[in-house]
$ cat upload_9.tsv   # TSV, C-alpha atoms and all ligand atoms
chain	number	residue	atom	x	y	z
Q	1	MET	CA	0.00	0.00	0.00
Q	2	GLY	CA	1.17	3.50	-0.88
Q	3	ASP	CA	0.92	6.64	1.18
Q	4	PRO	CA	-2.55	7.62	2.29
Q	5	ILE	CA	-4.41	9.88	-0.15
Q	6	GLY	CA	-4.77	13.42	1.24
Q	7	VAL	CA	-8.33	14.70	1.36
Q	8	ALA	CA	-9.83	18.15	1.98
Q	9	VAL	CA	-13.38	18.19	3.29
Q	10	LEU	CA	-14.90	21.60	2.64
Q	11	GLY	CA	-18.10	22.05	4.62
Q	12	ALA	CA	-17.18	19.25	7.03
Q	13	THR	CA	-20.12	19.80	9.39
Q	14	GLY	CA	-22.76	19.94	6.66
Q	15	SER	CA	-24.77	17.11	5.18
Q	16	ILE	CA	-22.21	16.16	2.49
Q	17	GLY	CA	-19.26	16.62	4.85
Q	18	THR	CA	-20.84	14.36	7.46
Q	19	SER	CA	-21.44	11.59	4.90
Q	20	ALA	CA	-17.93	12.03	3.50
Q	21	LEU	CA	-16.33	11.70	6.94
Q	22	GLN	CA	-18.35	8.53	7.62
Q	23	VAL	CA	-16.89	7.04	4.44
Q	24	LEU	CA	-13.38	8.21	5.33
Q	25	ARG	CA	-13.67	6.61	8.79
Q	26	LEU	CA	-14.70	3.36	7.13
Q	27	GLN	CA	-11.76	3.50	4.69
Q	28	GLY	CA	-9.24	3.78	7.54
Q	29	THR	CA	-5.64	4.43	6.52
Q	30	ARG	CA	-6.29	4.53	2.77
Q	31	PHE	CA	-7.10	8.26	3.13
Q	32	ARG	CA	-5.86	11.04	5.40
Q	33	VAL	CA	-7.91	14.13	6.20
Q	34	VAL	CA	-5.50	17.00	5.49
Q	35	SER	CA	-7.89	19.93	5.79
Q	36	LEU	CA	-11.30	20.57	7.26
Q	37	THR	CA	-13.52	23.60	7.00
Q	38	GLY	CA	-16.73	24.48	8.79
Q	39	TRP	CA	-18.73	27.60	9.28
Q	40	LYS	CA	-21.57	27.86	11.75
Q	41	GLN	CA	-21.35	24.58	13.68
Q	42	ILE	CA	-18.06	25.33	15.32
Q	43	ASP	CA	-18.46	22.91	18.24
Q	44	ALA	CA	-18.96	20.06	15.79
Q	45	LEU	CA	-15.92	21.22	13.81
Q	46	GLY	CA	-13.85	21.27	17.01
Q	47	LYS	CA	-14.73	17.60	17.65
Q	48	LEU	CA	-13.74	16.67	14.09
Q	49	VAL	CA	-10.42	18.47	14.52
Q	50	ASP	CA	-9.75	16.39	17.65
Q	51	GLU	CA	-10.66	13.19	15.82
Q	52	PHE	CA	-8.85	13.70	12.49
Q	53	SER	CA	-5.94	16.02	13.48
Q	54	PRO	CA	-5.93	17.84	10.13
Q	55	ALA	CA	-2.98	19.97	9.03
Q	56	LEU	CA	-5.26	22.89	8.22
Q	57	VAL	CA	-8.57	24.10	9.61
Q	58	ALA	CA	-10.68	26.96	8.34
Q	59	ALA	CA	-13.55	28.34	10.36
Q	60	ALA	CA	-15.77	31.37	10.78
Q	61	PRO	CA	-14.29	34.35	12.60
Q	62	GLN	CA	-14.89	34.76	16.31
Q	63	SER	CA	-16.88	31.58	16.80
Q	64	ALA	CA	-13.69	29.58	16.20
Q	65	GLU	CA	-12.00	31.17	19.19
Q	66	ASP	CA	-15.19	30.83	21.22
Q	67	ALA	CA	-15.12	27.10	20.56
Q	68	GLY	CA	-11.57	26.90	21.89
Q	69	LEU	CA	-9.82	26.07	18.62
Q	70	ASP	CA	-6.12	26.49	19.23
Q	71	PHE	CA	-4.69	29.45	17.31
Q	72	SER	CA	-1.38	29.57	19.14
Q	73	PRO	CA	1.89	29.10	17.21
Q	74	GLU	CA	2.35	25.78	19.08
Q	75	SER	CA	-0.90	24.45	17.64
Q	76	GLN	CA	-0.66	21.27	15.55
Q	77	ALA	CA	-2.71	22.74	12.70
Q	78	ASP	CA	-2.67	25.89	10.57
Q	79	TYR	CA	-5.80	27.88	11.30
Q	80	TYR	CA	-7.54	30.20	8.96
Q	81	VAL	CA	-10.33	32.45	9.97
Q	82	GLY	CA	-12.75	33.82	7.46
Q	83	GLY	CA	-14.51	32.75	4.31
Q	84	ASP	CA	-12.80	32.46	0.96
Q	85	GLU	CA	-9.19	32.66	2.13
Q	86	GLY	CA	-9.54	29.69	4.47
Q	87	LEU	CA	-11.54	27.63	1.97
Q	88	VAL	CA	-9.00	28.25	-0.80
Q	89	ALA	CA	-6.09	27.37	1.49
Q	90	ALA	CA	-7.87	24.14	2.51
Q	91	ALA	CA	-8.65	23.22	-1.11
Q	92	THR	CA	-5.16	23.88	-2.47
Q	93	HIS	CA	-3.01	22.54	0.39
Q	94	PRO	CA	-0.03	20.74	-1.20
Q	95	ASP	CA	-0.79	17.47	0.65
Q	96	VAL	CA	-4.36	17.41	-0.67
Q	97	HIS	CA	-5.05	15.10	-3.61
Q	98	THR	CA	-8.86	14.98	-3.43
Q	99	VAL	CA	-11.19	17.83	-2.53
Q	100	ILE	CA	-14.73	17.14	-1.39
Q	101	SER	CA	-16.56	20.33	-2.17
Q	102	GLY	CA	-19.64	20.29	0.06
Q	103	VAL	CA	-20.06	23.96	0.92
Q	104	SER	CA	-23.63	24.88	0.12
Q	105	GLY	CA	-24.61	28.03	-1.75
Q	106	ALA	CA	-22.34	30.33	-3.70
Q	107	ALA	CA	-19.75	30.30	-0.89
Q	108	GLY	CA	-17.91	27.31	-2.37
Q	109	LEU	CA	-17.27	28.92	-5.73
Q	110	GLN	CA	-13.79	30.32	-5.34
Q	111	SER	CA	-12.40	27.34	-3.45
Q	112	THR	CA	-13.74	24.88	-6.01
Q	113	LEU	CA	-12.24	26.83	-8.88
Q	114	ALA	CA	-8.95	27.14	-6.97
Q	115	ALA	CA	-8.88	23.36	-6.41
Q	116	VAL	CA	-9.47	22.75	-10.12
Q	117	ARG	CA	-6.75	25.24	-11.08
Q	118	ALA	CA	-4.39	23.48	-8.68
Q	119	GLY	CA	-5.00	20.23	-10.59
Q	120	LYS	CA	-6.72	18.38	-7.75
Q	121	ARG	CA	-9.30	15.63	-8.00
Q	122	VAL	CA	-12.47	17.56	-7.20
Q	123	LEU	CA	-15.61	15.80	-6.03
Q	124	LEU	CA	-18.41	18.20	-6.91
Q	125	ALA	CA	-21.29	17.89	-4.48
Q	126	ASN	CA	-22.44	21.49	-4.38
Q	127	LYS	CA	-24.32	22.65	-7.47
Q	128	GLU	CA	-23.31	26.28	-7.58
Q	129	PRO	CA	-19.82	25.94	-9.11
Q	130	LEU	CA	-21.21	24.11	-12.16
Q	131	VAL	CA	-24.36	26.22	-12.37
Q	132	MET	CA	-22.63	29.58	-11.96
Q	133	CYS	CA	-19.27	29.09	-13.62
Q	134	GLY	CA	-19.31	25.67	-15.24
Q	135	GLN	CA	-17.51	26.79	-18.37
Q	136	LEU	CA	-14.71	28.35	-16.28
Q	137	LEU	CA	-14.37	25.10	-14.30
Q	138	ARG	CA	-14.22	22.98	-17.43
Q	139	ALA	CA	-11.66	25.26	-19.06
Q	140	ALA	CA	-9.58	25.28	-15.87
Q	141	ALA	CA	-9.69	21.47	-15.65
Q	142	ALA	CA	-8.63	21.11	-19.28
Q	143	GLN	CA	-5.67	23.37	-18.56
Q	144	SER	CA	-4.53	22.06	-15.17
Q	145	GLY	CA	-5.20	18.36	-15.65
Q	146	ALA	CA	-7.61	18.34	-12.70
Q	147	CYS	CA	-10.14	15.52	-12.44
Q	148	LEU	CA	-13.77	16.65	-12.07
Q	149	LEU	CA	-15.99	13.97	-10.55
Q	150	PRO	CA	-19.68	14.68	-9.99
Q	151	ILE	CA	-21.03	13.33	-6.71
Q	152	ASP	CA	-24.46	14.92	-6.90
Q	153	SER	CA	-26.28	11.58	-7.04
Q	154	GLU	CA	-27.93	12.07	-10.46
Q	155	HIS	CA	-24.77	13.29	-12.18
Q	156	ASN	CA	-22.74	10.60	-10.52
Q	157	ALA	CA	-25.28	8.10	-11.87
Q	158	ILE	CA	-24.96	9.47	-15.42
Q	159	PHE	CA	-21.18	9.43	-15.08
Q	160	GLN	CA	-21.23	5.78	-13.94
Q	161	CYS	CA	-23.34	4.80	-16.96
Q	162	LEU	CA	-20.84	6.21	-19.47
Q	163	PRO	CA	-18.05	4.13	-21.03
Q	164	LEU	CA	-14.60	4.71	-19.52
Q	165	GLU	CA	-13.36	6.88	-22.38
Q	166	ALA	CA	-16.34	9.24	-22.05
Q	167	GLN	CA	-15.83	9.31	-18.26
Q	168	ARG	CA	-12.25	10.47	-18.86
Q	169	ASP	CA	-13.46	13.22	-21.21
Q	170	VAL	CA	-16.02	14.47	-18.69
Q	171	ALA	CA	-13.52	14.36	-15.80
Q	172	ALA	CA	-11.03	16.35	-17.88
Q	173	GLY	CA	-13.61	19.06	-18.61
Q	174	ARG	CA	-14.17	18.11	-22.25
Q	175	GLY	CA	-17.75	16.88	-21.91
Q	176	ILE	CA	-19.18	13.91	-23.80
Q	177	CYS	CA	-17.93	13.67	-27.39
Q	178	ALA	CA	-20.92	14.15	-29.71
Q	179	GLY	CA	-19.38	12.97	-33.01
Q	180	PRO	CA	-19.14	9.49	-34.50
Q	181	GLU	CA	-16.09	8.81	-32.28
Q	182	GLY	CA	-18.23	9.52	-29.19
Q	183	PRO	CA	-20.14	7.01	-27.04
Q	184	GLY	CA	-23.45	7.58	-28.87
Q	185	VAL	CA	-25.31	9.32	-26.05
Q	186	SER	CA	-28.55	10.69	-27.48
Q	187	ARG	CA	-30.01	12.11	-24.27
Q	188	ILE	CA	-30.13	11.65	-20.52
Q	189	ALA	CA	-32.96	11.48	-18.01
Q	190	LEU	CA	-32.49	12.97	-14.55
Q	191	THR	CA	-34.79	11.40	-12.01
Q	192	ALA	CA	-36.50	13.37	-9.23
Q	193	SER	CA	-38.31	12.02	-6.18
Q	194	GLY	CA	-40.88	14.78	-6.63
Q	195	GLY	CA	-40.29	16.10	-3.10
Q	196	PRO	CA	-42.84	16.41	-0.29
Q	197	PHE	CA	-45.48	18.15	-2.48
Q	198	LEU	CA	-45.63	15.63	-5.32
Q	199	ARG	CA	-49.38	15.08	-4.79
Q	200	THR	CA	-50.22	18.39	-3.10
Q	201	PRO	CA	-52.65	20.67	-4.98
Q	202	ALA	CA	-51.34	24.06	-6.13
Q	203	SER	CA	-53.25	25.95	-3.41
Q	204	GLY	CA	-51.65	23.80	-0.69
Q	205	ILE	CA	-48.16	24.24	-2.15
Q	206	ALA	CA	-48.47	28.03	-2.22
Q	207	LYS	CA	-49.16	28.18	1.53
Q	208	ALA	CA	-46.78	25.44	2.67
Q	209	THR	CA	-44.81	26.06	5.88
Q	210	PRO	CA	-41.01	25.64	6.21
Q	211	ASN	CA	-41.53	22.46	8.28
Q	212	GLU	CA	-43.74	20.90	5.61
Q	213	ALA	CA	-41.29	21.89	2.88
Q	214	LEU	CA	-38.30	20.52	4.82
Q	215	ALA	CA	-39.83	17.04	5.19
Q	216	HIS	CA	-38.24	15.30	2.22
Q	217	PRO	CA	-39.64	11.81	1.61
Q	218	THR	CA	-36.49	9.96	0.53
Q	219	TRP	CA	-33.31	12.02	0.98
Q	220	ASN	CA	-31.97	13.52	4.21
Q	221	MET	CA	-30.29	16.81	3.27
Q	222	GLY	CA	-29.52	20.37	4.39
Q	223	PRO	CA	-32.30	23.02	4.55
Q	224	LYS	CA	-31.52	24.94	1.32
Q	225	ILE	CA	-31.45	21.84	-0.88
Q	226	SER	CA	-34.53	20.40	0.87
Q	227	ILE	CA	-36.54	23.52	-0.03
Q	228	ASP	CA	-35.14	23.33	-3.58
Q	229	SER	CA	-36.38	19.74	-3.74
Q	230	ALA	CA	-39.83	20.87	-2.67
Q	231	THR	CA	-40.01	23.51	-5.45
Q	232	LEU	CA	-38.18	21.18	-7.90
Q	233	MET	CA	-35.62	23.96	-8.38
Q	234	ASN	CA	-33.09	21.38	-7.21
Q	235	LYS	CA	-33.81	19.38	-10.36
Q	236	GLY	CA	-33.74	22.58	-12.40
Q	237	LEU	CA	-30.26	23.39	-11.10
Q	238	GLU	CA	-29.25	19.80	-11.82
Q	239	LEU	CA	-30.49	20.20	-15.38
Q	240	ILE	CA	-28.14	23.17	-15.80
Q	241	GLU	CA	-25.33	21.24	-14.08
Q	242	ALA	CA	-25.81	18.32	-16.45
Q	243	CYS	CA	-25.75	20.52	-19.56
Q	244	THR	CA	-22.49	22.08	-18.42
Q	245	LEU	CA	-20.65	19.07	-17.09
Q	246	PHE	CA	-21.60	16.66	-19.87
Q	247	GLY	CA	-21.59	19.26	-22.65
Q	248	LEU	CA	-25.22	18.51	-23.61
Q	249	ASP	CA	-27.88	20.77	-25.05
Q	250	GLU	CA	-30.84	21.55	-22.78
Q	251	SER	CA	-33.10	19.63	-25.19
Q	252	GLN	CA	-31.05	16.46	-24.50
Q	253	VAL	CA	-31.75	16.50	-20.76
Q	254	GLU	CA	-35.17	15.40	-19.55
Q	255	VAL	CA	-36.51	15.35	-16.01
Q	256	ILE	CA	-38.63	12.43	-14.85
Q	257	ILE	CA	-40.42	12.01	-11.53
Q	258	HIS	CA	-39.52	8.71	-9.90
Q	259	PRO	CA	-40.97	8.66	-6.35
Q	260	GLN	CA	-38.99	5.60	-5.15
Q	261	SER	CA	-35.57	7.28	-5.69
Q	262	VAL	CA	-34.05	3.93	-6.67
Q	263	VAL	CA	-32.99	4.74	-10.24
Q	264	HIS	CA	-30.74	7.77	-9.86
Q	265	SER	CA	-30.61	8.68	-13.55
Q	266	VAL	CA	-30.53	7.10	-17.00
Q	267	VAL	CA	-28.48	7.51	-20.18
Q	268	HIS	CA	-30.18	6.94	-23.55
Q	269	PHE	CA	-27.86	5.65	-26.27
Q	270	SER	CA	-28.34	6.00	-30.02
Q	271	ASP	CA	-29.04	2.27	-30.49
Q	272	GLY	CA	-32.10	2.47	-28.24
Q	273	SER	CA	-30.37	1.11	-25.13
Q	274	LEU	CA	-30.98	2.75	-21.78
Q	275	ILE	CA	-28.43	2.37	-18.98
Q	276	GLY	CA	-29.36	3.55	-15.51
Q	277	GLN	CA	-27.70	3.41	-12.09
Q	278	MET	CA	-29.60	2.16	-9.04
Q	279	GLY	CA	-28.92	2.22	-5.35
Q	280	SER	CA	-30.13	3.41	-1.96
Q	281	PRO	CA	-30.72	7.16	-1.76
Q	282	ASP	CA	-27.62	7.68	0.36
Q	283	MET	CA	-24.88	10.17	-0.48
Q	284	ARG	CA	-22.19	7.81	0.80
Q	285	VAL	CA	-22.56	5.82	-2.44
Q	286	PRO	CA	-21.61	8.61	-4.89
Q	287	ILE	CA	-19.02	9.99	-2.43
Q	288	THR	CA	-17.32	6.58	-2.22
Q	289	HIS	CA	-17.45	6.25	-5.99
Q	290	GLY	CA	-15.67	9.60	-6.33
Q	291	LEU	CA	-13.06	8.81	-3.67
Q	292	ALA	CA	-12.18	5.35	-5.00
Q	293	TYR	CA	-12.62	6.09	-8.74
Q	294	PRO	CA	-11.92	4.23	-10.97
Q	295	GLU	CA	-11.94	1.43	-8.40
Q	296	ARG	CA	-14.83	0.38	-6.13
Q	297	ALA	CA	-14.71	0.48	-2.35
Q	298	PRO	CA	-17.15	-0.27	0.48
Q	299	SER	CA	-19.39	2.72	1.29
Q	300	GLY	CA	-21.12	1.28	4.34
Q	301	VAL	CA	-24.40	1.28	2.38
Q	302	ALA	CA	-26.13	-1.99	1.63
Q	303	GLY	CA	-27.41	-2.70	-1.87
Q	304	ILE	CA	-31.15	-2.66	-2.42
Q	305	ASP	CA	-33.41	-5.67	-2.61
Q	306	LEU	CA	-35.37	-5.11	-5.82
Q	307	THR	CA	-38.06	-7.57	-4.80
Q	308	GLU	CA	-38.66	-5.45	-1.69
Q	309	VAL	CA	-38.91	-2.29	-3.80
Q	310	GLY	CA	-41.44	-4.13	-5.96
Q	311	GLN	CA	-42.51	-1.39	-8.32
Q	312	LEU	CA	-40.71	1.49	-9.95
Q	313	GLN	CA	-42.82	4.38	-11.20
Q	314	PHE	CA	-41.91	7.11	-13.66
Q	315	GLU	CA	-44.00	10.13	-14.66
Q	316	LEU	CA	-43.61	13.60	-16.12
Q	317	PRO	CA	-43.29	16.57	-13.73
Q	318	ASP	CA	-46.20	19.00	-13.50
Q	319	LEU	CA	-44.70	22.31	-14.63
Q	320	GLU	CA	-47.80	24.26	-13.59
Q	321	ARG	CA	-47.49	23.27	-9.93
Q	322	PHE	CA	-43.70	23.42	-10.07
Q	323	PRO	CA	-42.86	26.51	-12.15
Q	324	SER	CA	-39.28	26.61	-10.80
Q	325	LEU	CA	-38.39	23.74	-13.10
Q	326	LYS	CA	-39.69	25.67	-16.10
Q	327	LEU	CA	-37.66	28.73	-15.06
Q	328	ALA	CA	-34.49	26.66	-14.74
Q	329	ARG	CA	-35.01	25.21	-18.19
Q	330	GLN	CA	-35.42	28.71	-19.56
Q	331	ALA	CA	-32.13	29.73	-17.90
Q	332	ALA	CA	-30.43	26.61	-19.28
Q	333	LYS	CA	-31.64	27.49	-22.76
Q	334	GLU	CA	-30.49	31.11	-22.47
Q	335	GLY	CA	-27.18	30.01	-20.97
Q	336	ARG	CA	-24.36	32.51	-20.37
Q	337	SER	CA	-25.18	34.61	-17.29
Q	338	ALA	CA	-28.84	33.49	-16.96
Q	339	PRO	CA	-28.14	30.52	-14.62
Q	340	ILE	CA	-26.16	32.80	-12.25
Q	341	VAL	CA	-29.15	35.11	-11.91
Q	342	LEU	CA	-31.59	32.22	-11.51
Q	343	ASN	CA	-29.45	30.68	-8.77
Q	344	ALA	CA	-28.91	33.94	-6.88
Q	345	ALA	CA	-32.59	34.95	-6.93
Q	346	ASN	CA	-33.58	31.46	-5.80
Q	347	GLU	CA	-31.05	31.41	-2.94
Q	348	VAL	CA	-32.34	34.74	-1.62
Q	349	ALA	CA	-35.98	33.69	-1.99
Q	350	VAL	CA	-35.39	30.34	-0.25
Q	351	GLN	CA	-33.66	32.06	2.67
Q	352	ALA	CA	-36.55	34.53	2.97
Q	353	PHE	CA	-38.96	31.58	3.05
Q	354	LEU	CA	-36.89	29.73	5.68
Q	355	ASP	CA	-36.90	32.95	7.75
Q	356	SER	CA	-40.72	32.98	7.42
Q	357	ARG	CA	-40.59	36.30	5.61
Q	358	ILE	CA	-42.37	35.13	2.43
Q	359	GLU	CA	-44.79	32.36	1.50
Q	360	PHE	CA	-43.62	29.28	-0.35
Q	361	GLY	CA	-45.52	30.30	-3.48
Q	362	PHE	CA	-43.45	33.47	-3.77
Q	363	ILE	CA	-40.16	31.62	-4.29
Q	364	PRO	CA	-40.69	30.95	-8.03
Q	365	GLU	CA	-42.44	34.29	-8.39
Q	366	ILE	CA	-39.31	36.15	-7.26
Q	367	VAL	CA	-37.02	34.04	-9.45
Q	368	ASP	CA	-39.31	34.64	-12.41
Q	369	ARG	CA	-39.29	38.42	-12.01
Q	370	ILE	CA	-35.49	38.58	-11.70
Q	371	LEU	CA	-34.90	36.22	-14.62
Q	372	GLN	CA	-37.33	37.95	-17.00
Q	373	ARG	CA	-35.66	41.32	-16.64
Q	374	HIS	CA	-32.11	39.96	-17.00
Q	375	GLU	CA	-30.28	40.41	-20.28
Q	376	PRO	CA	-27.92	37.37	-20.51
Q	377	GLY	CA	-24.29	38.10	-21.40
Q	378	GLU	CA	-21.06	36.10	-21.80
Q	379	VAL	CA	-19.13	35.25	-18.64
Q	380	THR	CA	-15.37	34.88	-18.88
Q	381	GLU	CA	-14.03	35.34	-15.35
Q	382	LEU	CA	-14.93	34.68	-11.74
Q	383	ALA	CA	-15.08	38.38	-10.78
Q	384	GLN	CA	-17.84	38.82	-13.35
Q	385	VAL	CA	-19.75	35.84	-11.95
Q	386	ILE	CA	-19.53	37.26	-8.44
Q	387	GLY	CA	-20.67	40.70	-9.66
Q	388	ILE	CA	-23.72	39.32	-11.51
Q	389	ASP	CA	-24.55	37.14	-8.50
Q	390	ARG	CA	-24.38	40.11	-6.14
Q	391	GLU	CA	-26.57	42.32	-8.34
Q	392	ALA	CA	-29.22	39.61	-8.67
Q	393	ARG	CA	-29.25	39.14	-4.90
Q	394	ILE	CA	-29.77	42.84	-4.31
Q	395	ALA	CA	-32.57	42.89	-6.88
Q	396	ALA	CA	-34.23	39.84	-5.29
Q	397	ASP	CA	-33.96	41.39	-1.82
Q	398	ASP	CA	-35.54	44.51	-3.19
Q	399	ILE	CA	-38.52	42.60	-4.58
Q	400	ILE	CA	-38.98	40.78	-1.28
Q	401	ARG	CA	-38.98	44.04	0.63
Q	402	ARG	CA	-41.60	45.43	-1.74
Q	403	ILE	CA	-43.75	42.29	-1.35
Q	404	LEU	CA	-43.66	42.79	2.42
Q	405	HIS	CA	-44.83	46.39	2.22
L	1	MG	MG	-29.13	15.51	-6.66
$ encode --input "upload_9.tsv" --output "structure tokens"
Amino acid sequence: MGDPIGVAVLGATGSIGTSALQVLRLQGTRFRVVSLTGWKQIDALGKLVDEFSPALVAAAPQSAEDAGLDFSPESQADYYVGGDEGLVAAATHPDVHTVISGVSGAAGLQSTLAAVRAGKRVLLANKEPLVMCGQLLRAAAAQSGACLLPIDSEHNAIFQCLPLEAQRDVAAGRGICAGPEGPGVSRIALTASGGPFLRTPASGIAKATPNEALAHPTWNMGPKISIDSATLMNKGLELIEACTLFGLDESQVEVIIHPQSVVHSVVHFSDGSLIGQMGSPDMRVPITHGLAYPERAPSGVAGIDLTEVGQLQFELPDLERFPSLKLARQAAKEGRSAPIVLNAANEVAVQAFLDSRIEFGFIPEIVDRILQRHEPGEVTELAQVIGIDREARIAADDIIRRILH
């Protein structure tokens, strides 16, 4: 056995980070946690620091000291306080080979891009880097030789269904080859559980409370993504992610409701074959796939008994009750800066809903208003992405304030 593989876990106390650390515990000495970052749950981060003794820790200002993290020069670890600087340092540490990018929201953007530029293996769990600056990430990977591995379960499923050569192209930022030399992918189908409001009438959805919206039937996830699953914006963002990562046109990506969450996505090939990936709805499966790729390793998750599942259902999503999905498709079609604006407006609206400032039905309404008045333009650098994101947030905040008056 060689040296342990150095891993950075960005967002170690979040939903993805927690699953990733479970897998890393199971894998024992094959991996070493080199850097850990956390933000709000500083006590939990402190415990992880004691357990894994990372070389670098990044945490939120103030709360880190409050939690007794050791900032003295004698400390075993390098400590960073603050947002982007600490995340970037954690992602690009020279001993890090693999970065698990599980910081939710737009906060993980810079660190993910930095990891790609540094030529790391980057396990993409958070959607924002691909949604907001996917082309920049792909170009950076092609240049640095980084390896991009999707661990959002649907994209990981699509990736697993591709032949090895096409997997290499996607990981290198080249997307799936469309020509006669390519693998013959005609389209892909992203599956969606349908969320907690799959059978709820439109009037009930509009007035849903945060607790109702947070109760996801099959996946256990953080609050932002749970709300996105309830509006189906999560699937909309995944549609954009898929277009970018796999180099597909929006018309080649369909969304199908599959309430059992057993089939995680399907690739349609030109000869009429469909290949799908199945498994328990547990993030440890795609995380383990990304960590061990191209090998297989135990994830701690048991396989499913198909006879126990019994039936698998598939149906089309109702775009009238779930307009967020329609908006995301519009942004995917427009491309360029449109997905940045969609994502920013949605993030602001979801937070306002979680803070009980607006009703659930207003989330797509706000996104719609921001998207319709945006004039999409080309995006060539991160500073531009951040500027467009900031403007859209301000505009969304403004609309929310006007709704409240
Ligand atoms: Mg997903």
$ residues_near_point --input "upload_9.tsv" --point "(-44.2, 4.9, -13.8)" --cutoff "9 Å" --atoms "all atoms listed in the file" --output "list in words"
Ile257, His258, Pro259, Gln311, Leu312, Gln313, Phe314 and Glu315 of chain Q
$ write_last_selection --input "upload_9.tsv" --atoms "C-alpha atoms" --output "compact mmCIF listing (two decimals), keeping the file's coordinate frame"
# COMPACT_ATOMS: atom_id res chain seq x y z
CA ILE Q 257 -40.42 12.01 -11.53
CA HIS Q 258 -39.52 8.71 -9.90
CA PRO Q 259 -40.97 8.66 -6.35
CA GLN Q 311 -42.51 -1.39 -8.32
CA LEU Q 312 -40.71 1.49 -9.95
CA GLN Q 313 -42.82 4.38 -11.20
CA PHE Q 314 -41.91 7.11 -13.66
CA GLU Q 315 -44.00 10.13 -14.66
$ residues_near_ligand --input "upload_9.tsv" --ligand "ligand MG 1 (chain L)" --cutoff "7 Å" --atoms "only C-alpha atoms and all ligand atoms" --output "NGL selection string"
:Q and (152-154 or 238)
$ residues_near_point --input "upload_9.tsv" --point "(-34.6, 21.0, 8.7)" --cutoff "12 Å" --atoms "all atoms listed in the file" --output "VMD selection string"
chain Q and resid 15 209 to 216 219 to 227 354
$ closest_residue --input "upload_9.tsv" --among "Q:Gly86, Q:Pro376, Q:Gly361, Q:Pro294" --to "Ala171 in chain Q" --atoms "all atoms listed in the file"
Q:Pro294
$ atom_distance --input "upload_9.tsv" --atom1 "CA of Cys177 in chain Q" --atom2 "CA of Pro281 in chain Q"
29.4 Å
$ closest_residue --input "upload_9.tsv" --among "Q:Leu232, Q:Ala146, Q:Val122, Q:Met278" --to "Gln160 in chain Q" --atoms "only C-alpha atoms"
Q:Met278
$ closest_residue --input "upload_9.tsv" --among "Q:Val88, Q:Ala302, Q:Leu327, Q:Ala106" --to "Glu128 in chain Q" --atoms "only C-alpha atoms"
Q:Ala106
$ axis_aligned_box --input "upload_9.tsv" --around "range 285-293 of chain Q" --padding-each-side "4 Å" --output "JSON"
{"center_x": -17.4, "center_y": 7.7, "center_z": -5.5, "size_x": 18.4, "size_y": 12.6, "size_z": 14.5}
$ residues_around --input "upload_9.tsv" --residues "Ile256 in chain Q" --least-positions-apart "4" --cutoff "8 Å" --atoms "only C-alpha atoms" --output "list in words"
Ala189, Leu190, Thr191, Ala192, Phe314, Glu315, Leu316 and Pro317 of chain Q
$ write_last_selection --input "upload_9.tsv" --atoms "C-alpha atoms" --output "PDB file, in the frame of the given file"
ATOM      1  CA  ALA Q 189     -32.960  11.480 -18.010  1.00  0.00           C
ATOM      2  CA  LEU Q 190     -32.490  12.970 -14.550  1.00  0.00           C
ATOM      3  CA  THR Q 191     -34.790  11.400 -12.010  1.00  0.00           C
ATOM      4  CA  ALA Q 192     -36.500  13.370  -9.230  1.00  0.00           C
ATOM      5  CA  PHE Q 314     -41.910   7.110 -13.660  1.00  0.00           C
ATOM      6  CA  GLU Q 315     -44.000  10.130 -14.660  1.00  0.00           C
ATOM      7  CA  LEU Q 316     -43.610  13.600 -16.120  1.00  0.00           C
ATOM      8  CA  PRO Q 317     -43.290  16.570 -13.730  1.00  0.00           C
TER       9      PRO Q 317
END
